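Asker: Have a look at this one before I ask anything.
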Amino acid sequence: MKLLRRKEGPSLDSRLAALIEAADLGAGRLPDEAVAAAREVAGRAGARRELSLDHTVVALAGATGSGKSSLYNALAGKKLADVGVTRPTTSAAQAALWDGDGAGPLLDWLEVPYRHSASEATGAGDLAGLVLLDLPDHDSIRLSHRLEVDRLVSQVDLLVWVVDPQKYADAALHERYLRPLAGHRDVTVMVLNQVDRLPPAAVERCLDDLRRLLEGDGLTGVPVLAVSATTGQGLDALRTLLAQRVADRRSWSARLSADLTTAADHLAAGEPPPIGSVHLAPGEPSATPGGRHAPGQPPAIAAGGGPGKDEVAKRLDGAGRGLTGALCAAAGVPVIVEAVAKGHRHRAVVATGWPVTRWLRRFRPDPLRRLRIEPPRGRRDGDGREVVGRTSVPAASVAQRAQVETAIRDVAEVAAGGLPGPWAAAVRQAARSRATELTDAVDRVVATTSAGATRRPRWWRAVNLLQWLVFAALLAGAIWLGVLFAMDYLRLPQPPLPTAGPVPWPTVLLVGGAVAGVVIALLSRLAAWAGGRRRARRTAKALRTAIGQVGHELVIEPAQAELATYARFTEALEVARG
């Protein structure tokens, strides 16, 4: 296989691979007809490059009575096709070959059943390698004829459109074939046949008018020749042109290049090429309305037309913050933060309060335990993730769920801004694709993140130990005083009583222990209040970060993945366009 390269730009092999990649990326996002048409073009191009590159397939196409079969016979140098004026006489394509050795597989691929050798008197040396096809009439009353024309028009290397002075402006020709083939001007030739019926001045007017129509079709610069198959006028010029195209051996590559460009343009617009994919009867409206896009101009694609990547990223950040706020509100973060502050104070009192009264605190419910926010137990599932039970945070209200839906929609709209319709729909769908997972995922991170708020500070242990030491001193003083009271009641001799100044030590221990315990409890409560506020702020920040990560993973990342797919799609299209 020869490497298909052009003088500039990517090779045809690279463009072909890029078109296949773009079609694969567009599958499921663009209409199936558009993707199938692009793959069909890619398959056709791949098949053509594997066949004989030494032969140039030229098709004579035209309407009933245009004289294309007469022109075919004149070029071949002998009568190969039947000639008719009022009804179609060509029911299947037939080929005339100049040096046709090796052209068999090519004609098999084209499905051309009738094959003839051209006369040696018609310039066989200059036209060596030419395969000239006579196609059925494109305006035939028989559908099979029109389908045959559509198929071969999409496959041949060079198109020679044969028109006559009466029907050269036929809307069926211009709207159905010439305008959709505006990107194929390098492989298109127009022949005005039967000029022997007109005076020279009328011929020139017809040629000028035909050129004007071609400019409107986007085919500016296409060769236009005046020919008479009957008298032979202009045949030498047509043979010379064909000889040049055959000698260049470039028509096949020019055709493939035009096919790839056109297929990429239509894939970008999400529509199939009209030729070879839509079959219309004569008189039906064109499959490609002129208002869709200008002839010869690629359909608009949003690559570079919408906001830039930095702008989209900035807008997504803003929409992501809105999503995080809505998820936090729906997840009950304010309730959890308040419970963290209260729970911290509650547990601090239980851990550092005066032992005489702290047990009363246990009769009050723990705010965090009421929400089923417990310390981690170290259990893990099969994926290695820590097993966390569901919380009892109040369910989101209808208004909060609506705010989440609105935030998701805002993210989708920001991400889809500036994209073509099918891709914008794909981005919106991607942003919502995992929305049903948000509730469980947010509850999980709430339980996991909030569990850290249940950890006991180290100073609680130290204060607890100090409280028990002070309580032990109080208890020792109370017991000491009790013993002294009993001995006095029983009239027993009193032992020496140590004092701290004028105050006996038992009294110091009793009163001092009670006062110290109360003071330590009050100071601990003050520290717990400050620590609770600080822990609540940290928990709020951690919850917002964790919930933001959930929103990013389940909403923003799918949308960004779709945007990355679209970026690869547009890059592949640019390569396919060459």
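Labels used: A, B, ... for chains in the order of the structure tokens, numbers from 1 for residues in each chain, and numbers from 1 for ligands as shown.
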So that I can see what lies close to Val35 in chain A, please list as a list of chain:residue names the residues with an atom at most 8 Å from it, counting only C-alpha atoms and leaving out residues fewer than 2 positions away in the same chain.
Answerer: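 Answer for this query is A:Ala23, A:Asp24, A:Gly26, A:Ala27, A:Leu30, A:Pro31, A:Asp32, A:Glu33, A:Ala37, A:Ala38, A:Arg39, A:Leu267, A:Gly270, A:Pro272.
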Asker: May I have the selected residues written with N, CA and C atoms, as an mmCIF file, in the first residue's frame?
Answerer:
data_model
loop_
_atom_site.group_PDB
_atom_site.id
_atom_site.type_symbol
_atom_site.label_atom_id
_atom_site.label_comp_id
_atom_site.auth_asym_id
_atom_site.auth_seq_id
_atom_site.Cartn_x
_atom_site.Cartn_y
_atom_site.Cartn_z
ATOM 1 N N ALA A 23 -15.596 10.202 14.412
ATOM 2 C CA ALA A 23 -16.866 9.473 14.348
ATOM 3 C C ALA A 23 -17.074 8.628 15.599
ATOM 4 N N ASP A 24 -16.008 7.984 16.083
ATOM 5 C CA ASP A 24 -16.125 7.185 17.303
ATOM 6 C C ASP A 24 -16.465 8.065 18.499
ATOM 7 N N GLY A 26 -18.022 10.884 18.377
ATOM 8 C CA GLY A 26 -19.369 11.427 18.210
ATOM 9 C C GLY A 26 -20.460 10.395 18.384
ATOM 10 N N ALA A 27 -20.103 9.125 18.390
ATOM 11 C CA ALA A 27 -21.118 8.074 18.532
ATOM 12 C C ALA A 27 -21.840 8.221 19.862
ATOM 13 N N LEU A 30 -23.886 12.454 18.612
ATOM 14 C CA LEU A 30 -24.414 13.025 17.384
ATOM 15 C C LEU A 30 -25.452 12.079 16.789
ATOM 16 N N PRO A 31 -26.284 12.563 15.871
ATOM 17 C CA PRO A 31 -27.256 11.668 15.235
ATOM 18 C C PRO A 31 -26.571 10.457 14.607
ATOM 19 N N ASP A 32 -27.222 9.302 14.719
ATOM 20 C CA ASP A 32 -26.633 8.068 14.201
ATOM 21 C C ASP A 32 -26.357 8.167 12.706
ATOM 22 N N GLU A 33 -27.226 8.894 11.977
ATOM 23 C CA GLU A 33 -27.032 9.017 10.532
ATOM 24 C C GLU A 33 -25.734 9.752 10.208
ATOM 25 N N ALA A 37 -22.638 8.028 8.341
ATOM 26 C CA ALA A 37 -22.177 8.590 7.071
ATOM 27 C C ALA A 37 -20.671 8.844 7.109
ATOM 28 N N ALA A 38 -20.165 9.375 8.235
ATOM 29 C CA ALA A 38 -18.723 9.620 8.349
ATOM 30 C C ALA A 38 -17.949 8.304 8.290
ATOM 31 N N ARG A 39 -18.451 7.289 8.955
ATOM 32 C CA ARG A 39 -17.773 5.991 8.915
ATOM 33 C C ARG A 39 -17.837 5.388 7.510
ATOM 34 N N LEU A 267 -20.007 16.092 9.795
ATOM 35 C CA LEU A 267 -19.982 15.496 11.126
ATOM 36 C C LEU A 267 -19.953 16.585 12.187
ATOM 37 N N GLY A 270 -23.285 17.685 12.652
ATOM 38 C CA GLY A 270 -24.201 16.652 13.102
ATOM 39 C C GLY A 270 -25.217 16.262 12.055
ATOM 40 N N PRO A 272 -25.681 14.132 8.046
ATOM 41 C CA PRO A 272 -25.019 13.287 7.051
ATOM 42 C C PRO A 272 -24.870 14.023 5.729
#
Asker: Kindly assemble as a tab-separated table a list of the range 59-147 of chain A residues that lie within 8 Å of range 229-240 of chain A, each paired with its nearest atom pair and their distance in Å to one decimal, using only C-alpha atoms, sorted first by chain and then by ascending residue number.
Answerer:
residue	atom	partner	partner_atom	distance
A:Gly67	CA	A:Ala229	CA	7.4
A:Ser70	CA	A:Ala229	CA	6.0
A:Leu71	CA	A:Ala229	CA	4.9
A:Ala74	CA	A:Ala229	CA	6.2
A:Leu75	CA	A:Leu235	CA	7.5
A:Leu127	CA	A:Arg239	CA	8.0
Asker: Among range 85-232 of chain A, which ones does DSSP assign to strand (DSSP E) (computed from the backbone)? Answer as a list of chain:residue names.
Answerer: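 For range 85-232 of chain A, the strand (DSSP E) set is A:Gln94, A:Ala95, A:Ala96, A:Leu97, A:Tyr114, A:Arg115, A:His116, A:Ser117, A:Leu130, A:Val131, A:Leu132, A:Leu133, A:Asp134, A:Leu158, A:Leu159, A:Val160, A:Trp161, A:Val162, A:Val163, A:Thr188, A:Val189, A:Met190, A:Val191, A:Leu192, A:Val224, A:Leu225, A:Ala226.
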Asker: Which is closer to Ala425 in chain A than all the others in A:Asp196, A:Asp217, A:Glu562, A:Glu574, using only C-alpha atoms?
Answerer: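 Closest to Ala425 in chain A of all the choices is A:Glu562.
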Asker: Show me, as a PDB file with C-alpha atoms, in the first residue's frame, the residues that have an atom within 10 Å of Trp480 in chain A when counting only C-alpha atoms, minus same-chain residues fewer than 2 positions from it.
Answerer:
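Output (around.pdb):
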ATOM      1  CA  LEU A 474     -11.781  16.761  99.133  1.00  0.00           C
ATOM      2  CA  LEU A 475     -12.723  13.203 100.021  1.00  0.00           C
ATOM      3  CA  ALA A 476      -9.638  12.846 102.246  1.00  0.00           C
ATOM      4  CA  GLY A 477     -10.493  16.057 104.039  1.00  0.00           C
ATOM      5  CA  ALA A 478     -14.077  14.948 104.492  1.00  0.00           C
ATOM      6  CA  GLY A 482     -15.463  12.708 109.908  1.00  0.00           C
ATOM      7  CA  VAL A 483     -12.960  10.715 111.955  1.00  0.00           C
ATOM      8  CA  LEU A 484     -12.274  13.729 114.166  1.00  0.00           C
ATOM      9  CA  PHE A 485     -16.005  14.267 114.652  1.00  0.00           C
ATOM     10  CA  ALA A 486     -16.489  10.637 115.625  1.00  0.00           C
ATOM     11  CA  TRP A 505      -5.600  20.705 107.175  1.00  0.00           C
ATOM     12  CA  PRO A 506      -8.751  18.578 106.963  1.00  0.00           C
ATOM     13  CA  THR A 507     -10.760  21.726 106.461  1.00  0.00           C
ATOM     14  CA  LEU A 509      -8.525  19.709 102.004  1.00  0.00           C
ATOM     15  CA  LEU A 510     -12.337  19.665 102.121  1.00  0.00           C
TER      16      LEU A 510
END
Asker: Between A:Leu106, A:Leu241, A:Ala95, A:Leu210, single out the one closest to Val160 in chain A, counting only C-alpha atoms.
Answerer: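 Counting only C-alpha atoms, the residue closest to Val160 in chain A is A:Leu241.
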Asker: List the neighbours of range 308-316 of chain A out to 8 Å using only C-alpha atoms; skip same-chain residues closer than 3 positions along the sequence, and give me the result as a list in words.
Answerer: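 In the requested form, the answer reads Gly304, Ala319, Gly320, Val411, Val414, Ala415 and Ile556 of chain A.
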Asker: Please provide the set of residues having any atom within 7 Å of range 337-341 of chain A, restricted to only C-alpha atoms, with same-chain residues fewer than 5 positions apart removed, written as a ChimeraX atom specification.
Answerer: /A:367-368,453,532-533,535-536,539-540
Asker: Since we have the selection now, will you write its residues out, keeping N, CA, C and O atoms, as a CSV table (one decimal), in the first residue's frame?
Answerer:
chain,number,residue,atom,x,y,z
A,367,PRO,N,-25.7,15.8,71.5
A,367,PRO,CA,-26.2,16.3,70.2
A,367,PRO,C,-25.7,15.5,69.0
A,367,PRO,O,-26.4,15.3,68.0
A,368,LEU,N,-24.4,15.1,69.0
A,368,LEU,CA,-23.8,14.4,67.9
A,368,LEU,C,-24.4,13.0,67.9
A,368,LEU,O,-24.6,12.4,66.8
A,453,ALA,N,-15.0,15.2,64.6
A,453,ALA,CA,-15.4,16.1,65.6
A,453,ALA,C,-15.7,15.4,67.0
A,453,ALA,O,-15.9,16.1,68.0
A,532,GLY,N,-15.2,24.4,71.3
A,532,GLY,CA,-16.4,24.0,70.5
A,532,GLY,C,-16.6,24.9,69.3
A,532,GLY,O,-16.9,24.4,68.2
A,533,ARG,N,-16.4,26.2,69.5
A,533,ARG,CA,-16.5,27.1,68.4
A,533,ARG,C,-15.4,26.9,67.4
A,533,ARG,O,-15.7,26.9,66.1
A,535,ARG,N,-13.8,24.1,66.9
A,535,ARG,CA,-14.0,22.8,66.2
A,535,ARG,C,-15.2,22.9,65.3
A,535,ARG,O,-15.1,22.3,64.2
A,536,ALA,N,-16.2,23.7,65.6
A,536,ALA,CA,-17.3,23.8,64.7
A,536,ALA,C,-16.8,24.5,63.4
A,536,ALA,O,-17.3,24.1,62.3
A,539,THR,N,-14.9,22.0,61.4
A,539,THR,CA,-15.8,21.0,60.9
A,539,THR,C,-16.6,21.5,59.7
A,539,THR,O,-16.8,20.9,58.7
A,540,ALA,N,-17.0,22.8,59.8
A,540,ALA,CA,-17.7,23.4,58.7
A,540,ALA,C,-16.9,23.5,57.5
A,540,ALA,O,-17.3,23.2,56.3
Asker: Work out how far apart CA of Leu323 in chain A and CA of Val550 in chain A are and give it in Å to one decimal.
Answerer: 10.2 Å
Asker: In terms of the shortest atom-to-atom distance over only C-alpha atoms, which of A:Trp109, A:Val203, A:Gly501, A:Leu16 is closest to Asp259 in chain A?
Answerer: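 Nearest to Asp259 in chain A: A:Leu16.
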Asker: Name the residues of range 161-344 of chain A that fall into helix (DSSP H, G or I) according to DSSP on the backbone, using the chain letters and numbers of this document, as an NGL selection string.
Answerer: :A and (171-178 or 182-187 or 195-197 or 200-216 or 235-248 or 251-269 or 309-330 or 333-344)
Asker: Distance CA of Gln403 in chain A-CA of Gly322 in chain A, one decimal place?
Answerer: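 Atom-to-atom, CA of Gln403 in chain A to CA of Gly322 in chain A, that is 9.4 Å.
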Asker: Report, in Å with one decimal, the straight-line distance from CA of Leu173 in chain A to CA of Asp186 in chain A.
Answerer: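 If I compute the distance from CA of Leu173 in chain A to CA of Asp186 in chain A, I get 18.2 Å.
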Asker: Given the choices A:Ser69, A:Thr262, A:Ser52, A:Ser257, which gets closest to Ala34 in chain A if the distance is worked out from only C-alpha atoms?
Answerer: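 Closest candidate: A:Thr262.
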Asker: So which residues touch Ala18 in chain A within 7 Å, counting only C-alpha atoms, skipping near sequence neighbours fewer than 2 positions away, as a PyMOL selection string?
Answerer: chain A and resi 14-16+20-22+572-573+575-576
Asker: Using only C-alpha atoms, which of A:Glu175, A:Ser524, A:Ala500, A:Glu405 sits nearest Arg347 in chain A?
Answerer: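 Going through A:Glu175, A:Ser524, A:Ala500, A:Glu405 one by one, the smallest distance to Arg347 in chain A is for A:Ser524.
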Asker: Applying 12 Å and only C-alpha atoms, which residues near Asp164 in chain A remain after dropping the ones on its own chain fewer than 3 positions away? List them as JSON, numbers by chain.
Answerer: {"A": [61, 62, 63, 64, 65, 66, 67, 68, 71, 85, 161, 167, 168, 169, 170, 190, 191, 192, 193, 194, 195, 196, 197, 198, 203, 206, 207, 210, 225, 226, 227, 228, 229]}
